[in-house]
Each structure stands twice: as C-alpha cells, then as structure tokens.
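Visitor: Data file work.csv (CSV, N, CA and C atoms) is appended below.
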```csv
chain,number,residue,atom,x,y,z
H,1,MET,N,0.8,-1.2,0.0
H,1,MET,CA,0.0,0.0,0.0
H,1,MET,C,0.9,1.2,0.0
H,2,ALA,N,0.4,2.3,-0.6
H,2,ALA,CA,1.2,3.5,-0.7
H,2,ALA,C,1.1,4.3,0.6
H,3,LYS,N,2.2,4.9,0.9
H,3,LYS,CA,2.3,5.7,2.2
H,3,LYS,C,1.4,6.9,2.1
H,4,ILE,N,0.7,7.2,3.2
H,4,ILE,CA,-0.1,8.4,3.2
H,4,ILE,C,0.8,9.6,3.6
H,5,VAL,N,0.7,10.7,2.9
H,5,VAL,CA,1.5,11.8,3.2
H,5,VAL,C,0.6,12.9,3.7
H,6,ILE,N,0.9,13.3,5.0
H,6,ILE,CA,0.2,14.4,5.6
H,6,ILE,C,1.0,15.7,5.6
H,7,PRO,N,0.4,16.7,5.1
H,7,PRO,CA,1.2,17.9,4.8
H,7,PRO,C,1.9,18.6,6.0
H,8,GLY,N,1.4,18.4,7.2
H,8,GLY,CA,2.0,19.0,8.4
H,8,GLY,C,1.3,18.5,9.6
H,9,ILE,N,1.9,18.7,10.8
H,9,ILE,CA,1.3,18.1,12.0
H,9,ILE,C,-0.1,18.7,12.3
H,10,ASP,N,-0.3,19.9,11.9
H,10,ASP,CA,-1.6,20.5,12.1
H,10,ASP,C,-2.7,19.8,11.3
H,11,ARG,N,-2.4,19.1,10.3
H,11,ARG,CA,-3.4,18.3,9.5
H,11,ARG,C,-3.7,16.9,10.0
H,12,LEU,N,-3.0,16.5,11.1
H,12,LEU,CA,-3.3,15.3,11.7
H,12,LEU,C,-4.8,15.2,12.2
H,13,LYS,N,-5.3,16.4,12.5
H,13,LYS,CA,-6.7,16.4,13.0
H,13,LYS,C,-7.7,15.9,11.9
H,14,ASP,N,-7.3,16.0,10.7
H,14,ASP,CA,-8.2,15.4,9.6
H,14,ASP,C,-8.3,13.9,9.6
H,15,TRP,N,-7.4,13.3,10.4
H,15,TRP,CA,-7.3,11.8,10.4
H,15,TRP,C,-7.9,11.2,11.7
H,16,VAL,N,-8.2,12.0,12.7
H,16,VAL,CA,-8.7,11.5,13.9
H,16,VAL,C,-10.0,10.7,13.7
H,17,GLY,N,-10.0,9.4,14.3
H,17,GLY,CA,-11.1,8.5,14.1
H,17,GLY,C,-11.1,7.7,12.8
H,18,LYS,N,-10.1,7.9,12.0
H,18,LYS,CA,-10.0,7.2,10.7
H,18,LYS,C,-8.9,6.2,10.7
H,19,GLU,N,-9.0,5.2,9.9
H,19,GLU,CA,-7.9,4.3,9.7
H,19,GLU,C,-7.0,5.0,8.7
H,20,VAL,N,-5.7,5.1,9.1
H,20,VAL,CA,-4.8,5.8,8.2
H,20,VAL,C,-4.4,4.9,7.1
H,21,ALA,N,-4.0,3.7,7.4
H,21,ALA,CA,-3.5,2.8,6.3
H,21,ALA,C,-3.3,1.4,6.9
H,22,VAL,N,-3.0,0.5,6.0
H,22,VAL,CA,-2.7,-0.9,6.3
H,22,VAL,C,-1.4,-1.2,5.6
H,23,THR,N,-0.5,-1.9,6.2
H,23,THR,CA,0.8,-2.3,5.6
H,23,THR,C,0.6,-3.5,4.7
H,24,ASP,N,1.7,-3.8,4.0
H,24,ASP,CA,1.8,-5.0,3.3
H,24,ASP,C,2.0,-6.1,4.3
H,25,TRP,N,1.8,-7.4,3.9
H,25,TRP,CA,2.0,-8.5,4.8
H,25,TRP,C,3.5,-8.8,5.0
H,26,VAL,N,3.8,-9.3,6.2
H,26,VAL,CA,5.2,-9.8,6.5
H,26,VAL,C,5.0,-11.2,7.0
H,27,SER,N,5.9,-12.1,6.5
H,27,SER,CA,5.8,-13.5,6.9
H,27,SER,C,6.6,-13.7,8.2
H,28,VAL,N,6.0,-14.5,9.1
H,28,VAL,CA,6.6,-14.8,10.3
H,28,VAL,C,7.0,-16.3,10.2
H,29,THR,N,8.2,-16.4,9.7
H,29,THR,CA,8.8,-17.8,9.4
H,29,THR,C,9.4,-18.4,10.6
H,30,GLN,N,9.7,-19.7,10.6
H,30,GLN,CA,10.4,-20.3,11.7
H,30,GLN,C,11.8,-19.7,11.8
H,31,GLU,N,12.4,-19.4,10.7
H,31,GLU,CA,13.7,-18.8,10.7
H,31,GLU,C,13.7,-17.5,11.5
H,32,ARG,N,12.7,-16.7,11.3
H,32,ARG,CA,12.6,-15.4,12.0
H,32,ARG,C,12.4,-15.6,13.5
H,33,ILE,N,11.6,-16.6,13.8
H,33,ILE,CA,11.3,-17.0,15.2
H,33,ILE,C,12.6,-17.5,15.9
H,34,ASP,N,13.4,-18.3,15.2
H,34,ASP,CA,14.6,-18.8,15.7
H,34,ASP,C,15.7,-17.7,16.0
H,35,VAL,N,15.8,-16.8,15.0
H,35,VAL,CA,16.7,-15.7,15.2
H,35,VAL,C,16.3,-14.8,16.3
H,36,PHE,N,15.0,-14.6,16.5
H,36,PHE,CA,14.6,-13.8,17.6
H,36,PHE,C,14.9,-14.5,19.0
H,37,ALA,N,14.6,-15.8,19.0
H,37,ALA,CA,14.9,-16.6,20.2
H,37,ALA,C,16.4,-16.5,20.6
H,38,ALA,N,17.2,-16.6,19.6
H,38,ALA,CA,18.7,-16.6,19.8
H,38,ALA,C,19.1,-15.2,20.3
H,39,ALA,N,18.5,-14.1,19.7
H,39,ALA,CA,18.8,-12.8,20.1
H,39,ALA,C,18.4,-12.4,21.5
H,40,THR,N,17.2,-13.0,22.0
H,40,THR,CA,16.7,-12.6,23.3
H,40,THR,C,16.9,-13.6,24.4
H,41,GLY,N,17.3,-14.8,24.0
H,41,GLY,CA,17.5,-15.9,25.0
H,41,GLY,C,16.2,-16.6,25.4
H,42,ASP,N,15.1,-16.2,24.7
H,42,ASP,CA,13.8,-16.9,25.0
H,42,ASP,C,13.6,-18.0,24.0
H,43,ASP,N,14.1,-19.2,24.5
H,43,ASP,CA,14.0,-20.4,23.6
H,43,ASP,C,13.1,-21.4,24.2
H,44,GLN,N,11.9,-21.0,24.7
H,44,GLN,CA,10.9,-21.9,25.1
H,44,GLN,C,10.5,-22.8,24.0
H,45,TRP,N,10.2,-24.0,24.3
H,45,TRP,CA,9.8,-25.0,23.3
H,45,TRP,C,8.7,-24.6,22.4
H,46,ILE,N,7.7,-23.9,22.9
H,46,ILE,CA,6.6,-23.5,22.1
H,46,ILE,C,7.0,-22.6,20.9
H,47,HIS,N,8.2,-22.0,21.0
H,47,HIS,CA,8.7,-21.2,19.9
H,47,HIS,C,9.7,-21.9,19.0
H,48,VAL,N,10.5,-22.8,19.5
H,48,VAL,CA,11.6,-23.3,18.7
H,48,VAL,C,11.7,-24.8,18.5
H,49,ASP,N,10.9,-25.6,19.2
H,49,ASP,CA,10.9,-27.0,19.1
H,49,ASP,C,9.8,-27.5,18.2
H,50,ARG,N,10.1,-27.7,16.9
H,50,ARG,CA,9.0,-28.0,15.9
H,50,ARG,C,8.3,-29.3,16.3
H,51,GLU,N,9.1,-30.3,16.6
H,51,GLU,CA,8.6,-31.7,16.9
H,51,GLU,C,7.7,-31.7,18.1
H,52,ARG,N,8.1,-31.0,19.2
H,52,ARG,CA,7.3,-31.0,20.4
H,52,ARG,C,6.1,-30.2,20.2
H,53,ALA,N,6.2,-29.1,19.4
H,53,ALA,CA,5.0,-28.2,19.1
H,53,ALA,C,4.0,-29.0,18.3
H,54,ALA,N,4.5,-29.8,17.4
H,54,ALA,CA,3.6,-30.7,16.6
H,54,ALA,C,2.8,-31.7,17.5
H,55,ARG,N,3.5,-32.2,18.5
H,55,ARG,CA,2.9,-33.1,19.4
H,55,ARG,C,2.0,-32.5,20.5
H,56,GLU,N,2.5,-31.4,21.1
H,56,GLU,CA,1.9,-30.9,22.3
H,56,GLU,C,1.1,-29.6,22.2
H,57,SER,N,1.5,-28.8,21.2
H,57,SER,CA,0.8,-27.5,21.1
H,57,SER,C,-0.6,-27.6,20.5
H,58,PRO,N,-1.5,-26.8,21.0
H,58,PRO,CA,-2.8,-26.9,20.4
H,58,PRO,C,-2.9,-26.3,19.0
H,59,TYR,N,-1.8,-25.7,18.6
H,59,TYR,CA,-1.7,-25.1,17.3
H,59,TYR,C,-1.0,-26.0,16.3
H,60,GLY,N,-0.4,-27.1,16.7
H,60,GLY,CA,0.3,-28.0,15.9
H,60,GLY,C,1.6,-27.6,15.3
H,61,VAL,N,2.0,-26.3,15.6
H,61,VAL,CA,3.2,-25.8,15.1
H,61,VAL,C,3.8,-24.8,16.2
H,62,THR,N,5.0,-24.4,16.0
H,62,THR,CA,5.5,-23.4,16.9
H,62,THR,C,4.8,-22.0,16.7
H,63,VAL,N,4.9,-21.2,17.7
H,63,VAL,CA,4.3,-19.8,17.6
H,63,VAL,C,5.3,-18.8,17.9
H,64,ALA,N,5.1,-17.6,17.3
H,64,ALA,CA,6.0,-16.5,17.5
H,64,ALA,C,5.9,-15.9,18.9
H,65,HIS,N,7.0,-15.4,19.3
H,65,HIS,CA,7.0,-14.7,20.6
H,65,HIS,C,6.1,-13.4,20.4
H,66,GLY,N,5.4,-13.1,21.5
H,66,GLY,CA,4.7,-11.8,21.5
H,66,GLY,C,5.5,-10.6,21.2
H,67,PHE,N,6.7,-10.6,21.8
H,67,PHE,CA,7.6,-9.5,21.6
H,67,PHE,C,8.2,-9.5,20.2
H,68,LEU,N,8.3,-10.6,19.5
H,68,LEU,CA,8.7,-10.6,18.2
H,68,LEU,C,7.7,-9.8,17.3
H,69,THR,N,6.4,-10.1,17.5
H,69,THR,CA,5.4,-9.4,16.7
H,69,THR,C,5.4,-7.9,17.0
H,70,LEU,N,5.6,-7.6,18.3
H,70,LEU,CA,5.7,-6.2,18.6
H,70,LEU,C,6.9,-5.5,18.0
H,71,SER,N,8.0,-6.3,17.9
H,71,SER,CA,9.3,-5.7,17.4
H,71,SER,C,9.2,-5.4,15.9
H,72,LEU,N,8.1,-5.9,15.2
H,72,LEU,CA,8.0,-5.6,13.8
H,72,LEU,C,7.5,-4.2,13.6
H,73,LEU,N,7.0,-3.5,14.6
H,73,LEU,CA,6.5,-2.1,14.5
H,73,LEU,C,7.5,-1.2,13.8
H,74,PRO,N,8.7,-1.1,14.2
H,74,PRO,CA,9.7,-0.2,13.6
H,74,PRO,C,9.9,-0.4,12.1
H,75,ARG,N,9.6,-1.7,11.7
H,75,ARG,CA,9.7,-2.0,10.3
H,75,ARG,C,8.5,-1.6,9.5
H,76,LEU,N,7.3,-1.8,10.1
H,76,LEU,CA,6.1,-1.6,9.4
H,76,LEU,C,5.5,-0.2,9.5
H,77,ALA,N,5.6,0.4,10.7
H,77,ALA,CA,5.0,1.8,10.9
H,77,ALA,C,5.5,2.8,9.9
H,78,PRO,N,6.8,2.9,9.6
H,78,PRO,CA,7.2,4.0,8.6
H,78,PRO,C,6.6,3.8,7.2
H,79,THR,N,6.1,2.6,6.9
H,79,THR,CA,5.5,2.4,5.6
H,79,THR,C,4.1,3.0,5.5
H,80,LEU,N,3.5,3.4,6.6
H,80,LEU,CA,2.1,3.8,6.6
H,80,LEU,C,1.9,5.3,6.3
H,81,MET,N,2.6,6.1,7.0
H,81,MET,CA,2.4,7.6,6.8
H,81,MET,C,3.7,8.4,7.0
H,82,LYS,N,3.7,9.5,6.4
H,82,LYS,CA,4.8,10.5,6.6
H,82,LYS,C,4.1,11.8,6.9
H,83,VAL,N,4.5,12.4,8.0
H,83,VAL,CA,4.1,13.8,8.3
H,83,VAL,C,5.2,14.8,7.9
H,84,GLN,N,4.8,15.6,7.0
H,84,GLN,CA,5.8,16.6,6.5
H,84,GLN,C,5.9,17.8,7.4
H,85,LYS,N,6.9,18.6,7.2
H,85,LYS,CA,7.1,19.8,8.0
H,85,LYS,C,7.3,19.6,9.5
H,86,ARG,N,8.0,18.5,9.8
H,86,ARG,CA,8.4,18.3,11.2
H,86,ARG,C,9.9,17.9,11.2
H,87,SER,N,10.5,18.2,12.3
H,87,SER,CA,12.0,18.0,12.3
H,87,SER,C,12.4,16.6,12.8
H,88,ARG,N,11.5,16.0,13.6
H,88,ARG,CA,11.9,14.7,14.2
H,88,ARG,C,10.7,14.0,14.8
H,89,GLY,N,10.9,12.8,15.1
H,89,GLY,CA,9.9,11.9,15.7
H,89,GLY,C,10.5,11.3,16.9
H,90,LEU,N,9.7,10.8,17.8
H,90,LEU,CA,10.2,10.1,19.0
H,90,LEU,C,9.3,8.9,19.3
H,91,ASN,N,9.9,7.8,19.6
H,91,ASN,CA,9.2,6.6,20.1
H,91,ASN,C,8.9,6.9,21.6
H,92,TYR,N,7.6,7.2,21.9
H,92,TYR,CA,7.2,7.5,23.2
H,92,TYR,C,6.9,6.3,24.0
H,93,GLY,N,6.7,5.2,23.4
H,93,GLY,CA,6.4,3.9,24.1
H,93,GLY,C,5.1,3.3,23.7
H,94,SER,N,4.7,2.3,24.4
H,94,SER,CA,3.4,1.6,24.0
H,94,SER,C,2.6,1.4,25.3
H,95,ASN,N,1.3,1.8,25.2
H,95,ASN,CA,0.4,1.6,26.3
H,95,ASN,C,-0.5,0.4,26.0
H,96,LYS,N,-0.9,-0.3,27.0
H,96,LYS,CA,-1.9,-1.4,26.9
H,96,LYS,C,-1.6,-2.4,25.8
H,97,VAL,N,-0.4,-2.8,25.7
H,97,VAL,CA,-0.1,-3.8,24.7
H,97,VAL,C,-0.5,-5.2,25.2
H,98,ARG,N,-1.3,-5.9,24.4
H,98,ARG,CA,-1.7,-7.2,24.8
H,98,ARG,C,-1.5,-8.2,23.6
H,99,PHE,N,-1.1,-9.4,23.9
H,99,PHE,CA,-0.9,-10.4,22.9
H,99,PHE,C,-2.1,-11.3,22.9
H,100,ILE,N,-3.1,-11.0,22.2
H,100,ILE,CA,-4.4,-11.7,22.4
H,100,ILE,C,-4.6,-12.9,21.5
H,101,SER,N,-3.8,-13.0,20.5
H,101,SER,CA,-3.9,-14.2,19.6
H,101,SER,C,-2.5,-14.7,19.3
H,102,PRO,N,-2.4,-16.0,19.2
H,102,PRO,CA,-1.1,-16.6,18.8
H,102,PRO,C,-0.8,-16.3,17.4
H,103,VAL,N,0.5,-16.3,17.0
H,103,VAL,CA,0.9,-16.1,15.6
H,103,VAL,C,1.7,-17.4,15.3
H,104,PRO,N,1.0,-18.4,14.7
H,104,PRO,CA,1.7,-19.6,14.4
H,104,PRO,C,2.8,-19.4,13.3
H,105,SER,N,3.9,-20.1,13.4
H,105,SER,CA,5.0,-20.0,12.4
H,105,SER,C,4.4,-20.3,11.0
H,106,GLY,N,4.8,-19.5,10.1
H,106,GLY,CA,4.3,-19.6,8.7
H,106,GLY,C,3.1,-18.6,8.5
H,107,SER,N,2.7,-17.9,9.5
H,107,SER,CA,1.6,-16.9,9.3
H,107,SER,C,2.2,-15.6,8.7
H,108,ARG,N,1.2,-14.8,8.3
H,108,ARG,CA,1.6,-13.5,7.8
H,108,ARG,C,0.9,-12.5,8.7
H,109,VAL,N,1.5,-11.4,9.0
H,109,VAL,CA,1.0,-10.3,9.8
H,109,VAL,C,1.1,-9.0,9.1
H,110,ARG,N,0.2,-8.0,9.4
H,110,ARG,CA,0.4,-6.7,8.9
H,110,ARG,C,-0.1,-5.7,10.0
H,111,LEU,N,0.2,-4.5,9.8
H,111,LEU,CA,-0.2,-3.4,10.7
H,111,LEU,C,-1.2,-2.5,10.1
H,112,SER,N,-2.2,-2.2,10.9
H,112,SER,CA,-3.1,-1.1,10.5
H,112,SER,C,-3.0,0.0,11.6
H,113,GLN,N,-3.2,1.2,11.2
H,113,GLN,CA,-3.0,2.3,12.1
H,113,GLN,C,-4.3,3.2,12.0
H,114,LYS,N,-4.8,3.6,13.2
H,114,LYS,CA,-5.9,4.5,13.3
H,114,LYS,C,-5.5,5.6,14.3
H,115,LEU,N,-5.7,6.8,13.9
H,115,LEU,CA,-5.4,7.9,14.8
H,115,LEU,C,-6.6,8.1,15.7
H,116,VAL,N,-6.4,7.8,17.0
H,116,VAL,CA,-7.4,7.9,18.0
H,116,VAL,C,-7.7,9.3,18.4
H,117,LYS,N,-6.7,10.0,18.7
H,117,LYS,CA,-6.9,11.4,19.1
H,117,LYS,C,-5.6,12.2,18.7
H,118,ARG,N,-5.7,13.4,18.5
H,118,ARG,CA,-4.6,14.3,18.2
H,118,ARG,C,-4.1,14.9,19.6
H,119,GLN,N,-2.9,14.5,19.9
H,119,GLN,CA,-2.3,15.0,21.2
H,119,GLN,C,-0.9,15.4,20.9
H,120,VAL,N,-0.6,16.6,20.8
H,120,VAL,CA,0.8,17.0,20.6
H,120,VAL,C,1.3,17.6,21.8
H,121,SER,N,2.5,17.2,22.3
H,121,SER,CA,3.1,17.7,23.5
H,121,SER,C,4.4,18.4,23.0
H,122,LEU,N,4.6,19.6,23.4
H,122,LEU,CA,5.8,20.3,23.1
H,122,LEU,C,6.7,20.5,24.3
H,123,LYS,N,6.7,19.6,25.2
H,123,LYS,CA,7.5,19.7,26.4
H,123,LYS,C,8.9,19.6,26.1
H,124,ALA,N,9.7,20.3,26.8
H,124,ALA,CA,11.2,20.2,26.6
H,124,ALA,C,11.7,19.0,27.4
H,125,LEU,N,12.6,18.2,26.8
H,125,LEU,CA,13.1,17.1,27.5
H,125,LEU,C,14.4,17.5,28.2
H,126,GLU,N,14.6,17.0,29.4
H,126,GLU,CA,15.8,17.3,30.1
H,126,GLU,C,16.6,16.0,30.2
H,127,TRP,N,17.9,16.2,30.1
H,127,TRP,CA,18.8,15.0,30.2
H,127,TRP,C,19.6,15.0,31.4
```
Can the structure in the file be given as structure tokens, please?
Guide:
Amino acid sequence: MAKIVIPGIDRLKDWVGKEVAVTDWVSVTQERIDVFAAATGDDQWIHVDRERAARESPYGVTVAHGFLTLSLLPRLAPTLMKVQKRSRGLNYGSNKVRFISPVPSGSRVRLSQKLVKRQVSLKALEW
C-alpha cells in the first residue's frame, strides 16, 4: 500500500477517528522466530521445538514470541504515513499492549493504524 503523506502536524486532525493505512503482509517464518529466540535468549519449546510443538501445542506448530510481533512495528509503521514539515519523531512507548492471539509460524501479519486522538506535546526534554 502507498504511504499516506500528511502535509503537516496541524493536518493530523483530519485523520482523527479514521484508519490511516494498512501495511503489506510480513511473513513470520520459523527462521525469523529462531533468530529472535537466539537474540533474546527466549528459547521456550513453544517457539523453537518443531517436533514438540507438533505433538503438544494446540496449534500443531511453533508460535512467534509476542515481543517478536511487537518488534515488527519499527519496520512496518514507517511504511504507513509520513508527516511533512516536522523535524523529528520520538518513540514515546506503548500503552496497553496485549498479545491476544497466537501467531503460528508460517503466518503473515500486517499493521493497521488508526489515529485515535490528536495530542501534541511540546514539552522540553531534560537529560
């Protein structure tokens, strides 16, 4: 999908309550899961042991880590929209993140974005 271009931060108000965009699909392969497990040290069998998952998991396959799916945000979000006439952006964090559905290996995921409210803070940061 093409990136939405918003002419300036003042025009974000035009998008409140609307779905901004949806990304292309990204495959969650076993290789991606294994690399994430190695990077984080989270090698629980439900993620990396294909044979045991086939026998014991209700999904019949391994499943992605919740934090792996969350970590796809920096890759997917920039493909959705660009706000012009701004000098920088800041990752402020995530509130109320829940992993409500498993992502079996071999699945595809994508990101949709909806602007819930326009809230701009111009507070100075102190270091």
Visitor: Extract, using all atoms listed in the file, all DNA, RNA and protein residues at most 7 Å from Trp25 in chain H, discarding same-chain residues fewer than 6 positions from it, and format them as JSON, numbers by chain.
Guide: {"H": [108, 109, 110, 111]}
Visitor: Pick out the residues sitting within 8 Å of Pro7 in chain H, and hand them over as a PyMOL selection string; count only N, CA and C atoms, and ignore anything fewer than 6 positions along from it in its own chain.
Guide: chain H and resi 82-86
Visitor: Grab the atom C of Leu76 in chain H to CA of Asp49 in chain H distance for me, in Å with one decimal place.
Guide: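 Separating atom C of Leu76 in chain H from CA of Asp49 in chain H is a distance of 29.0 Å.
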Visitor: Calculated over all atoms listed in the file, which of the candidates H:Gln30, H:Ser87, H:Thr69, H:Gln44 has the smallest distance to Gly106 in chain H?
Guide: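 Counting all atoms listed in the file, the residue closest to Gly106 in chain H is H:Gln30.
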Visitor: At a cut-off of 8 Å, using only N, CA and C atoms, what residues contact Pro78 in chain H? Leave out same-chain residues fewer than 4 positions from it and give the result as an NGL selection string.
Guide: :H and (3-4 or 73-74 or 82)
Visitor: If you measure from atom N of Leu80 in chain H to atom C of Val20 in chain H, what distance in Å do you get, rounded to one decimal?
Guide: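 Separating atom N of Leu80 in chain H from atom C of Val20 in chain H is a distance of 8.1 Å.
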Visitor: Which value, in Å to one decimal, gives the distance between CA of Glu56 in chain H and CA of Ala37 in chain H?
Guide: 19.4 Å
Visitor: My list of candidates is H:His65, H:Arg75, H:Arg88, H:Lys114. Which is closest to Phe36 in chain H when distances are computed with all atoms listed in the file?
Guide: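 Checking each of H:His65, H:Arg75, H:Arg88, H:Lys114 against Phe36 in chain H, counting all atoms listed in the file, the winner is H:His65.
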Visitor: Got a sec: who's within 6 Å of Pro104 in chain H, counting all atoms listed in the file, leaving out chain neighbours fewer than 2 positions off, as an MDAnalysis selection string?
Guide: chainID H and resid 61:64 102 106:107
Visitor: Closest to Ser27 in chain H among H:Ser105, H:Val116, H:Asp43, H:Gly66, using only N, CA and C atoms?
Guide: H:Ser105
Visitor: Identify, with DSSP run on backbone atoms, the residues in chain H assigned to alpha helix (DSSP H), and express the list as a PyMOL selection string.
Guide: chain H and resi 30-40+45-48+50-56+66-71+73-76
